[in-house]
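Chemist: Got a structure for you, questions after.
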Amino acid sequence: MTGDPADWDNQLVPNLDFYAADADWSAVVEAVFELGLFRVFESDSEPGCELREFRAAAEAAAAPRGRHLELFVVDSGPEPTVSRIDLLAEAPGDPTFRHCCEGWGLVQLHYGGPFGAQELRWSHTNHNSEKRAAAWAATVPRLGDPAAWDWPAVSRASGRLNRVIRRMAVSRIGAHPVLPHAGRLIADAGLRYEYGTGIHATPSHG
C-alpha cells in the first residue's frame, strides 16, 4: 500500500533498512527477479503515463520510476489496484494525471541512495501486516478485503528477499546491512554519523 509513512502505525513487518548505492540497486533488483516469487510494478507512474509492470531486472533498474517498486507475491491475493491521481497542470499541455500501484499485501522495495555529498539514505523493504490491513480496511475500501490475501505467503516471500539482501552485505552499521558499493561510498565520503533515515558526514545538531 502506498501513502505517507507518517500515517502508518508500527504494524508493518518485516521491515529491512539497508545501505545501497549505485550498482547495488541493480543487484538487488536482479535478486528480486531471480527469486521468481514476484511480479514487479512501479509504485507510481510518470505523469501522464500508465503504470508499468517490469518484466526484467534491467528494465526496472533503468526506468525513471524504477527505484520505487511494488512487489506482488505471485498467487498471494487479488491483482494490484491501479489508482488514478489527478494533477494540477501548471501550464497548457502539462500532464494531468498519474497512476499508483496499491494492494494490501504488496511488498515495497524503495531505493534511498546518496543525498548530496554528505548523506546516504536507507533503502528498504516493507509490507503490511494482516492486523494493520484489517484495521484500515474500512478507511480504504477500494483495496478490497484484506482477508483475500495469503498473508503467510506474503511474509515468506518478503522474508526470503530480506535474507538475500543481507547475504549481499559486506558489513553492517548497527542493524543495517551495507552492500558493497555503499560501503565504498561511506568510506570515501567519510560518513560516520547514523541518525534520521541514513548516515551522514556531520553529527546531528538536533
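By order in the C-alpha cells, chains are A, B, ...; within a chain, residues start at 1; ligands start at 1, following the order shown.
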Would you kindly return, as a PDB file with all heavy atoms, in the first residue's frame, each protein, DNA or RNA residue with an atom no farther than 10 Å from any atom of A:Glu30, considering only C-alpha atoms and excluding same-chain residues fewer than 5 positions away?
Modeler:
```pdb
ATOM      1  N   ASP A  24      24.651  -1.373  -6.508  1.00  0.00           N
ATOM      2  CA  ASP A  24      23.967  -2.203  -5.511  1.00  0.00           C
ATOM      3  C   ASP A  24      22.491  -2.343  -5.849  1.00  0.00           C
ATOM      4  O   ASP A  24      21.906  -3.417  -5.664  1.00  0.00           O
ATOM      5  CB  ASP A  24      24.083  -1.581  -4.116  1.00  0.00           C
ATOM      6  CG  ASP A  24      25.487  -1.607  -3.564  1.00  0.00           C
ATOM      7  OD1 ASP A  24      26.264  -2.506  -3.939  1.00  0.00           O
ATOM      8  OD2 ASP A  24      25.793  -0.721  -2.740  1.00  0.00           O
ATOM      9  N   TRP A  25      21.890  -1.265  -6.305  1.00  0.00           N
ATOM     10  CA  TRP A  25      20.460  -1.305  -6.578  1.00  0.00           C
ATOM     11  C   TRP A  25      20.149  -2.273  -7.709  1.00  0.00           C
ATOM     12  O   TRP A  25      19.209  -3.067  -7.621  1.00  0.00           O
ATOM     13  CB  TRP A  25      19.926   0.079  -6.901  1.00  0.00           C
ATOM     14  CG  TRP A  25      18.451   0.096  -7.175  1.00  0.00           C
ATOM     15  CD1 TRP A  25      17.832   0.395  -8.355  1.00  0.00           C
ATOM     16  CD2 TRP A  25      17.408  -0.201  -6.246  1.00  0.00           C
ATOM     17  NE1 TRP A  25      16.471   0.307  -8.223  1.00  0.00           N
ATOM     18  CE2 TRP A  25      16.174  -0.064  -6.935  1.00  0.00           C
ATOM     19  CE3 TRP A  25      17.387  -0.578  -4.913  1.00  0.00           C
ATOM     20  CZ2 TRP A  25      14.942  -0.284  -6.328  1.00  0.00           C
ATOM     21  CZ3 TRP A  25      16.156  -0.799  -4.292  1.00  0.00           C
ATOM     22  CH2 TRP A  25      14.960  -0.660  -5.002  1.00  0.00           C
ATOM     23  N   LEU A  35      14.595 -14.638  -7.724  1.00  0.00           N
ATOM     24  CA  LEU A  35      13.802 -15.410  -6.767  1.00  0.00           C
ATOM     25  C   LEU A  35      12.571 -16.037  -7.423  1.00  0.00           C
ATOM     26  O   LEU A  35      12.107 -17.092  -6.996  1.00  0.00           O
ATOM     27  CB  LEU A  35      13.377 -14.514  -5.607  1.00  0.00           C
ATOM     28  CG  LEU A  35      14.422 -14.250  -4.535  1.00  0.00           C
ATOM     29  CD1 LEU A  35      13.937 -13.159  -3.578  1.00  0.00           C
ATOM     30  CD2 LEU A  35      14.741 -15.522  -3.768  1.00  0.00           C
ATOM     31  N   ALA A  56      11.793  -7.525 -16.594  1.00  0.00           N
ATOM     32  CA  ALA A  56      13.194  -7.910 -16.457  1.00  0.00           C
ATOM     33  C   ALA A  56      13.890  -6.931 -15.534  1.00  0.00           C
ATOM     34  O   ALA A  56      13.492  -5.764 -15.421  1.00  0.00           O
ATOM     35  CB  ALA A  56      13.884  -7.926 -17.822  1.00  0.00           C
ATOM     36  N   ALA A  57      14.946  -7.397 -14.888  1.00  0.00           N
ATOM     37  CA  ALA A  57      15.659  -6.569 -13.923  1.00  0.00           C
ATOM     38  C   ALA A  57      16.245  -5.323 -14.569  1.00  0.00           C
ATOM     39  O   ALA A  57      16.154  -4.224 -14.017  1.00  0.00           O
ATOM     40  CB  ALA A  57      16.756  -7.386 -13.261  1.00  0.00           C
ATOM     41  N   ALA A  58      16.857  -5.469 -15.734  1.00  0.00           N
ATOM     42  CA  ALA A  58      17.486  -4.329 -16.391  1.00  0.00           C
ATOM     43  C   ALA A  58      16.450  -3.263 -16.742  1.00  0.00           C
ATOM     44  O   ALA A  58      16.731  -2.064 -16.649  1.00  0.00           O
ATOM     45  CB  ALA A  58      18.222  -4.788 -17.647  1.00  0.00           C
ATOM     46  N   ALA A  60      13.655  -2.610 -15.111  1.00  0.00           N
ATOM     47  CA  ALA A  60      13.234  -1.913 -13.888  1.00  0.00           C
ATOM     48  C   ALA A  60      14.325  -0.986 -13.383  1.00  0.00           C
ATOM     49  O   ALA A  60      14.064   0.177 -13.033  1.00  0.00           O
ATOM     50  CB  ALA A  60      12.866  -2.924 -12.808  1.00  0.00           C
ATOM     51  N   ALA A  61      15.555  -1.466 -13.331  1.00  0.00           N
ATOM     52  CA  ALA A  61      16.644  -0.674 -12.762  1.00  0.00           C
ATOM     53  C   ALA A  61      16.916   0.591 -13.568  1.00  0.00           C
ATOM     54  O   ALA A  61      17.346   1.607 -13.008  1.00  0.00           O
ATOM     55  CB  ALA A  61      17.911  -1.522 -12.676  1.00  0.00           C
TER      56      ALA A  61
END
```
Chemist: To one decimal in Å, tell me the separation between atom CA of A:Pro114 and atom CA of A:Asn15.
Modeler: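 Atom CA of A:Pro114 sits 20.3 Å away from atom CA of A:Asn15.
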Chemist: I want to know what sits within 10 Å of A:Leu69, based on only C-alpha atoms, with residues of the same chain fewer than 6 positions away left out; could you give that as a list in words?
Modeler: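 Here the qualifying residues turn out to be Val29, Val40, Phe41, Glu42, Ser43, Asp44, Glu53, Phe54, Ala60, Ala61, Cys101, Leu106, Val107, Gln108, Leu109, His110, Tyr111 and Thr125 of chain A.
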Chemist: If we count only C-alpha atoms, what is near A:Asp75 at a cut-off of 10 Å, once residues fewer than 3 positions away on the same chain are taken out, given as an NGL selection string?
Modeler: :A and (37-39 or 72 or 78-79 or 149-150 or 153-154)
Chemist: Please, which residues of stretch 6-189 of chain A, numbered as in this document, come out strand (DSSP E) from DSSP, as a VMD selection string?
Modeler: chain A and resid 16 to 18 38 to 42 53 to 54 68 to 73 81 to 86 97 to 102 107 to 110 113 to 114 119 to 121 123 to 127 171 to 173 176 to 178
Chemist: When you draw a straight line from atom CA of A:Leu179 to atom CA of A:Leu161, how long is it in Å?
Modeler: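 If I compute the distance from atom CA of A:Leu179 to atom CA of A:Leu161, I get 14.3 Å.
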Chemist: If you run DSSP over the backbone, which residues in stretch 9-185 of chain A end up helix (DSSP H, G or I)? Put them as a PyMOL selection string.
Modeler: chain A and resi 23-35+57-62+130-136+141-143+146-148+151-168+180-185
Chemist: Find the residue from A:Ser45, A:Ser26, A:Ser123, A:Thr197 that sits nearest to A:Cys100; use only C-alpha atoms when measuring.
Modeler: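 Checking each of A:Ser45, A:Ser26, A:Ser123, A:Thr197 against A:Cys100, counting only C-alpha atoms, the winner is A:Ser45.
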Chemist: Quick one: residues within 9 Å of A:Thr96, only C-alpha atoms, excluding same-chain residues fewer than 6 positions away - as a ChimeraX atom specification?
Modeler: /A:47-48,85-89
Chemist: Which residues, written as a PyMOL selection string, have at least one atom at most 10 Å from A:Arg160, with only C-alpha atoms counted and residues fewer than 4 positions away on the same chain left out?
Modeler: chain A and resi 32+35+37+155-156+164-166
Chemist: Determine, counting only C-alpha atoms, which protein, DNA and RNA residues have an atom within 12 Å of an atom of A:Gly174; residues of the same chain fewer than 3 positions away are not included. Present the result as a list of chain:residue names.
Modeler: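 Here the qualifying residues turn out to be A:Asp17, A:Phe18, A:Tyr19, A:Ser171, A:Pro177, A:Val178, A:Arg192, A:Tyr193, A:Glu194, A:Tyr195, A:Gly198, A:Ile199.
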Chemist: Which of these, A:Leu191, A:Ala201, A:Val140, A:Leu185, has the shortest distance to A:Thr81 once you count only C-alpha atoms?
Modeler: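 Counting only C-alpha atoms, the residue closest to A:Thr81 is A:Val140.
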Chemist: Report the distance between atom CA of A:Ala182 and atom CA of A:Ala21 in Å, rounded to one decimal place.
Modeler: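 So the two atoms, atom CA of A:Ala182 and atom CA of A:Ala21, lie 4.7 Å apart.
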Chemist: Let me make sure I understand: among A:Ala23, A:Val28, A:Ala189, A:Val73, which one has the smallest atom-to-atom distance to A:Gly116 if we use only C-alpha atoms?
Modeler: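 Answer, going by the shortest atom-to-atom distance: A:Ala189.
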Chemist: My list of candidates is A:Ala63, A:Ile186, A:Leu143, A:Leu71. Which is closest to A:Ala20 when distances are computed with only C-alpha atoms?
Modeler: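 Closest to A:Ala20 of all the choices is A:Ile186.
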Chemist: Looking at A:Ala62, A:Ala27, A:Val82, A:Val170, which one is nearest to A:Glu50, with distances taken over only C-alpha atoms?
Modeler: A:Val82
Chemist: A:Trp136, A:Leu16, A:Trp151, A:Gly190: which is nearest A:Arg163, counting only C-alpha atoms?
Modeler: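 Ranking A:Trp136, A:Leu16, A:Trp151, A:Gly190 by distance to A:Arg163, first place goes to A:Leu16.
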